[in-house]
file structure.txt (compact mmCIF, C-alpha atoms)
# COMPACT_ATOMS: atom_id res chain seq x y z
CA MET A 42 50.17 127.01 133.21
CA SER A 43 50.16 123.73 135.11
CA GLY A 44 49.35 123.59 138.82
CA GLY A 45 52.98 122.89 139.66
CA LEU A 46 54.22 125.95 137.81
CA PHE A 47 51.50 128.13 139.33
CA LEU A 48 52.64 126.91 142.75
CA ALA A 49 56.23 127.82 141.77
CA LEU A 50 55.07 131.35 140.94
CA LEU A 51 53.27 131.70 144.30
CA ILE A 52 56.25 130.35 146.25
CA GLY A 53 58.50 132.78 144.36
CA ILE A 54 56.23 135.74 145.19
CA ALA A 55 56.39 134.90 148.90
CA PHE A 56 60.16 134.37 148.67
CA GLY A 57 60.72 137.73 146.93
CA ALA A 58 58.45 139.57 149.37
CA ALA A 59 60.26 138.10 152.40
CA LEU A 60 63.64 139.18 151.00
CA GLU A 61 62.39 142.68 150.19
CA GLN A 62 60.71 143.19 153.57
CA ALA A 63 63.98 142.33 155.33
CA GLY A 64 65.86 144.91 153.24
CA LEU A 65 67.74 142.33 151.18
CA GLY A 66 66.92 144.15 147.95
CA ASN A 67 69.48 146.77 149.04
CA ALA A 68 73.10 145.93 148.16
CA ARG A 69 74.45 148.15 150.95
CA LYS A 70 72.75 146.01 153.59
CA LEU A 71 74.14 142.80 152.13
CA ALA A 72 77.64 144.23 151.72
CA GLY A 73 77.43 145.44 155.34
CA GLN A 74 77.45 141.81 156.45
CA PHE A 75 81.00 141.39 155.15
CA TYR A 76 82.13 144.42 157.23
CA LEU A 77 80.14 143.37 160.32
CA THR A 78 78.16 146.62 160.21
CA ASP A 79 74.83 145.01 159.22
CA PHE A 80 73.77 141.53 160.28
CA THR A 81 70.55 141.23 158.27
CA VAL A 82 71.98 138.51 155.98
CA LEU A 83 73.03 136.33 158.91
CA LYS A 84 69.78 136.86 160.81
CA VAL A 85 67.52 136.15 157.83
CA MET A 86 69.49 133.20 156.45
CA LEU A 87 70.03 131.45 159.77
CA SER A 88 66.49 131.91 161.04
CA ALA A 89 65.15 130.68 157.68
CA ILE A 90 67.41 127.61 157.82
CA LEU A 91 66.44 126.92 161.46
CA THR A 92 62.72 127.22 160.66
CA ALA A 93 62.81 124.99 157.60
CA MET A 94 65.17 122.49 159.24
CA LEU A 95 63.09 122.17 162.43
CA GLY A 96 59.87 122.05 160.39
CA THR A 97 61.17 119.26 158.18
CA PHE A 98 62.55 117.36 161.16
CA TRP A 99 59.42 117.49 163.34
CA LEU A 100 56.80 117.20 160.56
CA GLY A 101 58.76 114.22 159.27
CA ARG A 102 58.94 112.69 162.74
CA PHE A 103 55.17 113.00 163.21
CA GLY A 104 54.57 111.59 159.74
CA LEU A 105 52.95 114.79 158.44
CA ILE A 106 55.38 115.05 155.53
CA ASP A 107 57.37 112.37 153.77
CA ALA A 108 60.92 113.74 154.13
CA GLY A 109 62.14 111.03 151.76
CA ARG A 110 60.28 112.68 148.89
CA ILE A 111 62.07 116.03 149.22
CA TYR A 112 64.87 116.50 146.70
CA VAL A 113 68.17 116.91 148.58
CA PRO A 114 71.01 118.54 146.56
CA GLU A 115 73.78 116.04 145.84
CA THR A 116 77.28 116.63 147.12
CA TYR A 117 80.17 117.22 144.72
CA LEU A 118 83.00 118.18 147.08
CA TRP A 119 85.52 119.97 144.84
CA PRO A 120 83.22 121.97 142.56
CA GLN A 121 81.10 123.01 145.55
CA LEU A 122 84.17 124.10 147.55
CA VAL A 123 85.73 126.01 144.64
CA GLY A 124 82.34 127.22 143.38
CA GLY A 125 81.62 128.57 146.87
CA LEU A 126 84.95 130.42 147.00
CA ILE A 127 84.38 131.95 143.55
CA PHE A 128 80.78 132.79 144.42
CA GLY A 129 81.85 134.53 147.65
CA VAL A 130 84.25 136.85 145.79
CA GLY A 131 81.50 137.73 143.32
CA PHE A 132 79.02 138.26 146.17
CA ALA A 133 81.34 140.77 147.93
CA LEU A 134 81.86 142.64 144.64
CA ALA A 135 78.21 142.62 143.59
CA GLY A 136 76.68 143.17 147.05
CA LEU A 137 73.79 140.98 145.94
CA CYS A 138 73.26 137.28 145.25
CA PRO A 139 71.10 135.92 142.40
CA GLY A 140 67.78 135.96 144.29
CA THR A 141 68.33 139.33 145.98
CA ALA A 142 69.58 140.85 142.70
CA CYS A 143 66.15 140.06 141.19
CA VAL A 144 64.45 141.86 144.11
CA SER A 145 66.83 144.83 143.81
CA ALA A 146 66.22 145.11 140.05
CA GLY A 147 62.47 144.77 140.63
CA SER A 148 62.46 147.67 143.10
CA GLY A 149 64.09 149.90 140.49
CA ARG A 150 67.80 149.62 141.25
CA LEU A 151 70.12 149.80 138.28
CA ASP A 152 72.92 148.04 140.18
CA GLY A 153 70.58 145.11 140.77
CA LEU A 154 69.89 144.97 137.05
CA ALA A 155 73.64 145.01 136.33
CA VAL A 156 74.12 142.06 138.72
CA VAL A 157 71.29 140.17 136.99
CA GLY A 158 72.96 140.76 133.60
CA GLY A 159 76.33 139.73 135.00
CA ILE A 160 74.99 136.46 136.44
CA PHE A 161 73.40 135.62 133.12
CA ALA A 162 76.69 136.27 131.31
CA GLY A 163 78.65 134.24 133.87
CA VAL A 164 76.35 131.22 133.70
CA LEU A 165 76.30 131.46 129.90
CA GLY A 166 80.11 131.67 129.69
CA ALA A 167 80.66 128.82 132.16
CA GLY A 168 78.06 126.75 130.32
CA LEU A 169 79.81 127.34 126.99
CA ALA A 170 83.09 126.29 128.64
CA PHE A 171 81.42 123.14 130.04
CA PRO A 172 83.38 120.71 127.82
CA MET A 173 86.57 122.01 129.48
CA LEU A 174 85.07 122.10 132.98
CA GLU A 175 83.19 118.81 132.85
CA THR A 176 85.81 116.61 134.56
CA PHE A 177 86.10 119.07 137.45
CA TYR A 178 82.30 119.62 137.51
CA ARG A 179 81.76 115.92 138.17
CA SER A 180 84.67 115.46 140.62
CA GLY A 181 84.27 114.56 144.28
CA ALA A 182 80.82 113.08 143.65
CA ARG A 183 79.37 111.69 146.88
CA GLY A 184 75.68 111.47 145.93
CA VAL A 185 73.14 112.58 148.55
CA VAL A 186 75.09 112.81 151.79
CA THR A 187 73.82 114.62 154.85
CA LEU A 188 75.58 115.81 158.01
CA PRO A 189 74.03 113.00 160.11
CA VAL A 190 75.32 110.41 157.60
CA LEU A 191 78.76 112.05 157.50
CA THR A 192 79.14 112.31 161.28
CA GLY A 193 77.28 109.15 162.24
CA LEU A 194 75.20 111.19 164.71
CA PRO A 195 71.40 110.92 164.91
CA ALA A 196 69.63 113.64 162.90
CA GLY A 197 68.11 115.03 166.10
CA VAL A 198 71.57 115.62 167.57
CA VAL A 199 72.80 117.41 164.43
CA VAL A 200 69.66 119.58 164.41
CA LEU A 201 70.16 120.40 168.10
CA VAL A 202 73.83 121.33 167.56
CA ILE A 203 72.91 123.67 164.71
CA VAL A 204 70.09 125.28 166.73
CA VAL A 205 72.36 125.86 169.74
CA ALA A 206 75.17 127.25 167.53
CA ALA A 207 72.75 129.57 165.72
CA LEU A 208 71.18 130.85 168.95
CA GLY A 209 74.69 131.48 170.30
CA LEU A 210 75.53 133.43 167.17
CA PHE A 211 72.31 135.47 167.46
CA GLN A 212 73.22 136.34 171.06
CA ALA A 213 76.78 137.30 170.08
CA VAL A 214 75.40 139.56 167.33
CA ALA A 215 72.97 141.17 169.82
CA TRP A 216 75.86 141.95 172.19
CA HIS A 217 77.97 143.28 169.32
CA GLU A 218 75.14 145.54 168.14
CA GLN A 219 74.55 146.81 171.68
CA ARG A 220 78.24 147.67 172.03
CA ALA A 221 78.31 149.36 168.62
CA ARG A 222 75.29 151.52 169.60
CA HIS A 223 77.04 152.77 172.74
CA GLU A 224 80.17 153.81 170.86
CA MET B 1233 55.58 160.59 147.62
CA THR B 1234 55.29 158.92 151.00
CA ARG B 1235 58.48 158.25 152.88
CA PRO B 1236 59.77 154.69 152.57
CA ARG B 1237 58.72 152.49 155.49
CA PRO B 1238 61.56 150.99 157.55
CA TYR B 1239 62.48 147.39 156.84
CA ALA B 1240 60.80 144.65 158.86
CA ASN B 1241 62.42 142.71 161.69
CA PRO B 1242 64.98 140.39 160.02
CA TYR B 1243 64.25 137.50 162.39
CA TYR B 1244 60.54 137.58 161.53
CA CYS B 1245 61.41 137.79 157.81
CA GLY B 1246 63.77 134.85 158.25
CA VAL B 1247 61.11 132.74 159.95
CA GLY B 1248 58.66 133.73 157.17
CA LEU B 1249 61.22 132.77 154.55
CA GLY B 1250 61.80 129.48 156.37
CA LEU B 1251 58.06 128.74 156.30
CA VAL B 1252 58.03 129.47 152.53
CA LEU B 1253 60.93 127.05 152.13
CA LEU B 1254 59.14 124.46 154.27
CA GLY B 1255 56.02 124.95 152.15
CA ALA B 1256 58.07 124.38 149.00
CA TYR B 1257 59.50 121.14 150.45
CA ALA B 1258 56.06 119.89 151.49
CA LEU B 1259 54.01 120.98 148.46
CA ALA B 1260 56.54 120.83 145.61
CA GLY B 1261 59.04 118.30 147.00
CA ARG B 1262 61.91 120.71 146.42
CA GLY B 1263 63.31 123.92 147.81
CA LEU B 1264 64.00 127.40 146.47
CA GLY B 1265 66.48 128.48 143.82
CA ALA B 1266 67.65 131.35 141.67
CA SER B 1267 70.77 130.64 139.62
CA GLY B 1268 69.10 127.62 137.98
CA ALA B 1269 66.63 129.99 136.32
CA PHE B 1270 69.55 131.88 134.79
CA ALA B 1271 71.03 128.60 133.53
CA SER B 1272 67.67 127.72 131.99
CA GLY B 1273 67.53 131.10 130.23
CA ALA B 1274 71.13 130.77 129.01
CA SER B 1275 70.31 127.32 127.63
CA LEU B 1276 67.37 128.74 125.67
CA LEU B 1277 69.56 131.50 124.26
CA VAL B 1278 72.20 129.02 123.08
CA ALA B 1279 69.53 126.69 121.67
CA THR B 1280 68.01 129.60 119.73
CA VAL B 1281 71.30 130.91 118.32
CA ASP B 1282 73.04 127.58 117.73
CA PRO B 1283 70.79 124.52 118.32
CA GLY B 1284 73.56 122.05 117.48
CA ARG B 1285 75.86 123.49 120.08
CA ALA B 1286 73.16 123.41 122.75
CA SER B 1287 72.28 119.77 122.17
CA ALA B 1288 75.97 118.75 122.07
CA ASN B 1289 76.65 120.44 125.40
CA PRO B 1290 75.42 118.24 128.30
CA TYR B 1291 75.08 121.25 130.63
CA PHE B 1292 72.65 123.09 128.33
CA ALA B 1293 71.02 119.91 127.04
CA ASN B 1294 70.09 118.98 130.60
CA TYR B 1295 68.18 122.25 131.06
CA LEU B 1296 66.49 121.89 127.67
CA ALA B 1297 65.44 118.28 128.27
CA ASP B 1298 62.26 119.12 130.20
CA GLY B 1299 60.87 121.61 127.71
CA GLY B 1300 63.20 124.53 128.42
CA PRO B 1301 62.39 127.70 130.41
CA ALA B 1302 58.67 127.69 129.48
CA GLY B 1303 58.20 124.56 131.59
CA ASP B 1304 60.93 125.15 134.14
CA TRP B 1305 59.87 125.28 137.80
CA LEU B 1306 62.69 127.65 138.76
CA VAL B 1307 61.92 130.10 135.94
CA PHE B 1308 58.36 130.49 137.25
CA GLU B 1309 59.65 130.72 140.80
CA ILE B 1310 62.14 133.48 139.89
CA CYS B 1311 59.41 135.40 138.01
CA GLY B 1312 57.50 135.19 141.29
CA VAL B 1313 60.52 136.53 143.19
CA ILE B 1314 60.60 139.59 140.92
CA ILE B 1315 56.83 140.13 141.28
CA GLY B 1316 56.99 139.63 145.05
CA GLY B 1317 59.88 142.08 145.30
CA ILE B 1318 58.06 144.72 143.24
CA VAL B 1319 54.78 144.38 145.16
CA SER B 1320 56.48 144.37 148.55
CA ALA B 1321 58.64 147.40 147.68
CA ALA B 1322 55.66 149.27 146.22
CA LEU B 1323 53.47 148.66 149.30
CA ALA B 1324 56.28 149.95 151.53
CA GLY B 1325 57.02 152.98 149.34
CA ARG B 1326 60.49 151.60 148.60
CA VAL B 1327 60.44 151.52 144.79
CA ARG B 1328 63.16 153.97 143.79
CA PHE B 1329 65.00 154.29 140.51
CA GLY B 1330 68.65 154.65 141.38
CA ILE B 1331 71.84 152.90 142.36
CA ASP B 1332 72.62 151.50 145.82
CA ARG B 1333 76.34 152.06 146.37
CA GLY B 1334 78.95 152.72 149.02
CA PRO B 1335 79.50 156.35 150.06
CA SER B 1336 82.78 156.73 148.16
CA ALA B 1337 82.01 154.57 145.09
CA THR B 1338 81.11 156.35 141.84
CA PRO B 1339 77.96 155.12 140.07
CA ARG B 1340 80.15 153.89 137.24
CA ALA B 1341 82.47 151.92 139.55
CA ARG B 1342 79.42 150.45 141.30
CA LEU B 1343 77.83 149.27 138.06
CA VAL B 1344 81.10 147.74 136.80
CA ALA B 1345 81.56 145.92 140.13
CA ALA B 1346 77.92 144.80 140.02
CA ALA B 1347 78.18 143.32 136.53
CA GLY B 1348 81.62 141.81 137.18
CA GLY B 1349 80.58 140.40 140.55
CA GLY B 1350 77.45 138.98 138.95
CA ALA B 1351 79.49 137.24 136.25
CA ILE B 1352 81.85 135.75 138.87
CA MET B 1353 78.85 134.53 140.89
CA GLY B 1354 77.42 132.99 137.74
CA VAL B 1355 80.58 130.90 137.27
CA GLY B 1356 80.62 129.90 140.96
CA ALA B 1357 76.95 128.94 140.98
CA MET B 1358 77.37 126.92 137.80
CA LEU B 1359 80.23 124.89 139.34
CA ALA B 1360 78.46 124.48 142.70
CA ARG B 1361 75.09 123.57 141.13
CA GLY B 1362 73.32 126.38 142.92
CA CYS B 1363 73.64 129.62 144.84
CA THR B 1364 72.64 131.11 148.17
CA SER B 1365 69.05 129.95 147.53
CA GLY B 1366 69.43 126.51 146.00
CA GLN B 1367 72.47 125.43 148.01
CA ALA B 1368 72.87 127.51 151.18
CA LEU B 1369 69.18 127.85 152.16
CA THR B 1370 67.59 124.81 150.53
CA GLY B 1371 70.40 122.29 150.95
CA GLY B 1372 71.48 123.83 154.26
CA ALA B 1373 68.11 123.20 155.92
CA LEU B 1374 68.15 119.63 154.53
CA LEU B 1375 71.62 119.15 156.09
CA SER B 1376 73.33 118.42 152.76
CA VAL B 1377 77.11 118.24 153.25
CA GLY B 1378 77.87 119.91 149.90
CA SER B 1379 75.51 122.78 150.68
CA TRP B 1380 77.20 123.49 154.02
CA LEU B 1381 80.60 123.26 152.32
CA PHE B 1382 79.42 125.79 149.71
CA MET B 1383 78.03 128.11 152.39
CA GLY B 1384 81.24 128.01 154.44
CA ALA B 1385 83.41 128.62 151.38
CA LEU B 1386 81.29 131.52 150.17
CA PHE B 1387 81.46 133.38 153.48
CA VAL B 1388 85.20 132.76 153.93
CA ALA B 1389 85.88 134.09 150.41
CA GLY B 1390 83.35 136.90 150.82
CA PHE B 1391 84.92 138.20 154.05
CA ALA B 1392 88.42 137.94 152.54
CA ALA B 1393 87.47 139.68 149.29
CA ALA B 1394 85.59 142.42 151.17
CA GLN B 1395 88.83 143.45 152.90
CA LEU B 1396 90.21 144.35 149.46
CA LEU B 1397 86.98 146.10 148.43
CA LYS B 1398 86.63 148.63 151.25
CA ARG B 1399 86.66 151.56 148.84
CA LEU B 1400 83.63 150.11 147.11
CA TRP B 1401 81.48 149.86 150.23
CA GLN B 1402 82.85 151.94 153.11
call {"tool": "encode", "arguments": {"input": "structure.txt", "output": "structure tokens"}}
result
Amino acid sequence: MSGGLFLALLIGIAFGAALEQAGLGNARKLAGQFYLTDFTVLKVMLSAILTAMLGTFWLGRFGLIDAGRIYVPETYLWPQLVGGLIFGVGFALAGLCPGTACVSAGSGRLDGLAVVGGIFAGVLGAGLAFPMLETFYRSGARGVVTLPVLTGLPAGVVVLVIVVAALGLFQAVAWHEQRARHE
Amino acid sequence: MTRPRPYANPYYCGVGLGLVLLGAYALAGRGLGASGAFASGASLLVATVDPGRASANPYFANYLADGGPAGDWLVFEICGVIIGGIVSAALAGRVRFGIDRGPSATPRARLVAAAGGGAIMGVGAMLARGCTSGQALTGGALLSVGSWLFMGALFVAGFAAAQLLKRLWQ
């Protein structure tokens, strides 16, 4: 195993452990997000995004990492919009996403294993249908485009707006949970 | 059997997850992922059963170009996710063989929904070039427009679909 692949394994172990510790190996907790009865998904995802975003921004600013060498996913407007809509329906049905399904299956849950099998079948089927989907798959190609580029705002301003919005959301969730406890 | 320990504070877990993601950016030059590992596995399956078909299909051929799953970064990462999940659940006494389901869903209905939902997610992730890990988390923290578009679309559709699925979860 090369050093890069060993690193991938280690990063994966930490990733899986973080998901499991938060309870995201349990489909009921993830599904609860869609009924506003459990906010673990929002709390974990947003605080992870804030941490990685702020870390990349400030480490890049101080020259400790070369942000230009990080692979940024390219934007394909239509397939990512439609893919997101399709994915969301599947997520609400399955109660797990691909990463959390692996954690669920690993901790013994049969439903997690069924989701893992389903994802494999779905990717396989869509891959086999690729010749029919290819035109759509490549539509709306914009290359690497970030929110600062799109809006014309400095990266620091975009980061600040996201941080303020996320903190506001965290506070709103805290109030909602406090109200729900008193009922 | 010891009783399962309660889950950890989600904000701390999120910050921990964010540091893992930051570590991946800094050390590997890329973020996290999950659905890509499934695509890599599917490509190997097609290449094994029908090599001609795999090489003629640009989607599969792309995954096979760098040596297939045995050399794929995401395959090793997802193996790590499974190991990390097992170890973490075992240390907390949370390994349990069973089915997590809503209070009024039968085990059979839950498993059908799980497999069907998984298949739908597989199609969505294929079109979007990633899932909650590779797009929402990884691309989201890098401020990619397509990743934020994907994340917004998935939650809009998820909340809408959940209204029709109350019997499955509530």
call {"tool": "residues_near_point", "arguments": {"input": "structure.txt", "point": "(62.8, 137.8, 162.5)", "cutoff": "12 Å", "atoms": "only C-alpha atoms", "output": "ChimeraX atom specification"}}
result
/A:59-60,62-63,80-89,91-92,211 /B:1239-1251
call {"tool": "residues_around", "arguments": {"input": "structure.txt", "residues": "stretch 143-159 of chain A", "least_positions_apart": "4", "cutoff": "6 Å", "atoms": "only C-alpha atoms", "output": "PDB file with C-alpha atoms, in the coordinates of the input"}}
result
ATOM      1  CA  GLY A  66      66.920 144.150 147.950  1.00  0.00           C
TER       2      GLY A  66
ATOM      3  CA  ILE B1314      60.600 139.590 140.920  1.00  0.00           C
ATOM      4  CA  GLY B1317      59.880 142.080 145.300  1.00  0.00           C
ATOM      5  CA  ILE B1318      58.060 144.720 143.240  1.00  0.00           C
ATOM      6  CA  ALA B1321      58.640 147.400 147.680  1.00  0.00           C
ATOM      7  CA  VAL B1327      60.440 151.520 144.790  1.00  0.00           C
ATOM      8  CA  ARG B1328      63.160 153.970 143.790  1.00  0.00           C
ATOM      9  CA  PHE B1329      65.000 154.290 140.510  1.00  0.00           C
ATOM     10  CA  GLY B1330      68.650 154.650 141.380  1.00  0.00           C
ATOM     11  CA  ILE B1331      71.840 152.900 142.360  1.00  0.00           C
ATOM     12  CA  LEU B1343      77.830 149.270 138.060  1.00  0.00           C
ATOM     13  CA  ALA B1346      77.920 144.800 140.020  1.00  0.00           C
ATOM     14  CA  ALA B1347      78.180 143.320 136.530  1.00  0.00           C
ATOM     15  CA  GLY B1350      77.450 138.980 138.950  1.00  0.00           C
ATOM     16  CA  ALA B1351      79.490 137.240 136.250  1.00  0.00           C
TER      17      ALA B1351
END
call {"tool": "residues_around", "arguments": {"input": "structure.txt", "residues": "A:Ala221", "least_positions_apart": "5", "cutoff": "12 Å", "atoms": "only C-alpha atoms", "output": "MDAnalysis selection string"}}
result
chainID A and resid 77:79 214:216
call {"tool": "axis_aligned_box", "arguments": {"input": "structure.txt", "around": "stretch 78-82 of chain A", "padding_each_side": "8 Å", "output": "AutoDock Vina command-line options"}}
result
--center_x 74.4 --center_y 142.6 --center_z 158.1 --size_x 23.6 --size_y 24.1 --size_z 20.3
call {"tool": "residues_around", "arguments": {"input": "structure.txt", "residues": "stretch 120-123 of chain A", "least_positions_apart": "6", "cutoff": "8 Å", "atoms": "all atoms listed in the file", "output": "list in words"}}
result
Phe177, Tyr178, Arg179, Ser180 and Gly181 of chain A; Gly1356, Leu1359, Ala1360, Arg1361, Gly1378, Ser1379, Leu1381, Phe1382 and Ala1385 of chain B
call {"tool": "atom_distance", "arguments": {"input": "structure.txt", "atom1": "atom CA of A:Leu126", "atom2": "atom CA of B:Cys1363"}}
result
11.5 Å
call {"tool": "atom_distance", "arguments": {"input": "structure.txt", "atom1": "atom CA of A:Gly64", "atom2": "atom CA of A:Gly129"}}
result
19.9 Å
call {"tool": "closest_residue", "arguments": {"input": "structure.txt", "among": "B:Val1252, B:Leu1374, B:Val1307, B:Ala1357", "to": "A:Arg110", "atoms": "all atoms listed in the file"}}
result
B:Leu1374
call {"tool": "closest_residue", "arguments": {"input": "structure.txt", "among": "A:Leu48, A:Ile127, A:Leu137, A:Ala93", "to": "A:Lys70", "atoms": "only C-alpha atoms"}}
result
A:Leu137
call {"tool": "residues_near_point", "arguments": {"input": "structure.txt", "point": "(83.1, 136.3, 143.1)", "cutoff": "10 Å", "atoms": "all atoms listed in the file", "output": "count of residues only"}}
result
26
call {"tool": "closest_residue", "arguments": {"input": "structure.txt", "among": "B:Ala1392, B:Leu1296, B:Leu1400, B:Val1344", "to": "A:Phe75", "atoms": "all atoms listed in the file"}}
result
B:Ala1392
call {"tool": "residues_around", "arguments": {"input": "structure.txt", "residues": "stretch 95-106 of chain A", "least_positions_apart": "3", "cutoff": "12 Å", "atoms": "all atoms listed in the file", "output": "PyMOL selection string"}}
result
(chain A and resi 87-92+109-111+195-204) or (chain B and resi 1247+1250-1263+1370+1372-1375)
call {"tool": "closest_residue", "arguments": {"input": "structure.txt", "among": "B:Asp1282, B:Val1313, B:Arg1237, B:Gln1395", "to": "chain A", "atoms": "only C-alpha atoms"}}
result
B:Val1313
call {"tool": "residues_around", "arguments": {"input": "structure.txt", "residues": "B:Ala1297", "least_positions_apart": "4", "cutoff": "12 Å", "atoms": "all atoms listed in the file", "output": "VMD selection string"}}
result
chain B and resid 1272 1275 to 1276 1279 1286 to 1287 1289 to 1293 1301 to 1304
call {"tool": "atom_distance", "arguments": {"input": "structure.txt", "atom1": "atom CA of B:Gly1316", "atom2": "atom CA of A:Gly73"}}
result
23.6 Å
call {"tool": "closest_residue", "arguments": {"input": "structure.txt", "among": "B:Arg1340, B:Trp1380, B:Ala1345, B:Gly1334", "to": "A:Ala72", "atoms": "all atoms listed in the file"}}
result
B:Gly1334
call {"tool": "closest_residue", "arguments": {"input": "structure.txt", "among": "A:Ala55, A:Leu208, A:Leu165, A:Leu118", "to": "A:Ala182", "atoms": "only C-alpha atoms"}}
result
A:Leu118
call {"tool": "decode", "arguments": {"input": "structure.txt", "residues": "stretch 138-201 of chain A", "atoms": "C-alpha atoms", "output": "short mmCIF file (atom, residue, chain, number, x, y, z; two decimals), in the first residue's frame"}}
result
data_model
loop_
_atom_site.label_atom_id
_atom_site.label_comp_id
_atom_site.auth_asym_id
_atom_site.auth_seq_id
_atom_site.Cartn_x
_atom_site.Cartn_y
_atom_site.Cartn_z
CA CYS A 138 -26.40 8.84 2.88
CA PRO A 139 -23.51 6.87 1.33
CA GLY A 140 -20.94 7.61 4.06
CA THR A 141 -23.34 7.15 6.99
CA ALA A 142 -24.76 3.96 5.41
CA CYS A 143 -21.25 2.45 5.62
CA VAL A 144 -21.09 3.37 9.33
CA SER A 145 -24.59 1.97 9.94
CA ALA A 146 -23.74 -1.30 8.16
CA GLY A 147 -20.44 -1.49 10.07
CA SER A 148 -22.22 -1.19 13.42
CA GLY A 149 -24.42 -4.16 12.53
CA ARG A 150 -27.53 -2.57 11.05
CA LEU A 151 -29.23 -4.51 8.29
CA ASP A 152 -30.95 -1.37 6.95
CA GLY A 153 -27.54 0.24 6.53
CA LEU A 154 -26.41 -2.78 4.54
CA ALA A 155 -29.54 -2.53 2.35
CA VAL A 156 -28.75 1.15 1.66
CA VAL A 157 -25.16 0.22 0.74
CA GLY A 158 -26.45 -2.42 -1.70
CA GLY A 159 -28.98 0.02 -3.13
CA ILE A 160 -26.35 2.72 -3.74
CA PHE A 161 -24.15 0.22 -5.51
CA ALA A 162 -27.05 -0.85 -7.74
CA GLY A 163 -28.01 2.77 -8.44
CA VAL A 164 -24.50 3.84 -9.41
CA LEU A 165 -24.09 0.69 -11.51
CA GLY A 166 -27.43 1.25 -13.30
CA ALA A 167 -26.75 4.95 -13.92
CA GLY A 168 -23.25 4.09 -15.13
CA LEU A 169 -24.62 1.51 -17.57
CA ALA A 170 -27.09 4.14 -18.82
CA PHE A 171 -24.24 6.67 -19.22
CA PRO A 172 -24.39 6.74 -23.05
CA MET A 173 -27.98 8.02 -22.73
CA LEU A 174 -27.19 10.40 -19.87
CA GLU A 175 -23.90 11.76 -21.18
CA THR A 176 -25.22 14.95 -22.81
CA PHE A 177 -27.08 15.90 -19.64
CA TYR A 178 -24.14 14.79 -17.44
CA ARG A 179 -21.87 17.29 -19.17
CA SER A 180 -24.42 20.14 -19.39
CA GLY A 181 -24.08 23.47 -17.59
CA ALA A 182 -20.32 23.03 -17.29
CA ARG A 183 -18.78 26.06 -15.56
CA GLY A 184 -15.41 24.61 -14.52
CA VAL A 185 -14.14 25.48 -11.04
CA VAL A 186 -16.33 28.35 -9.88
CA THR A 187 -16.55 29.45 -6.27
CA LEU A 188 -19.05 31.67 -4.45
CA PRO A 189 -16.56 34.59 -4.27
CA VAL A 190 -16.03 34.36 -8.05
CA LEU A 191 -19.78 34.12 -8.69
CA THR A 192 -20.71 37.05 -6.44
CA GLY A 193 -17.63 39.19 -7.03
CA LEU A 194 -17.22 39.52 -3.25
CA PRO A 195 -13.87 38.99 -1.50
CA ALA A 196 -13.49 35.45 -0.10
CA GLY A 197 -13.31 36.85 3.43
CA VAL A 198 -16.74 38.45 3.05
CA VAL A 199 -18.31 35.22 1.75
CA VAL A 200 -16.73 33.27 4.63
CA LEU A 201 -18.04 35.84 7.13
#
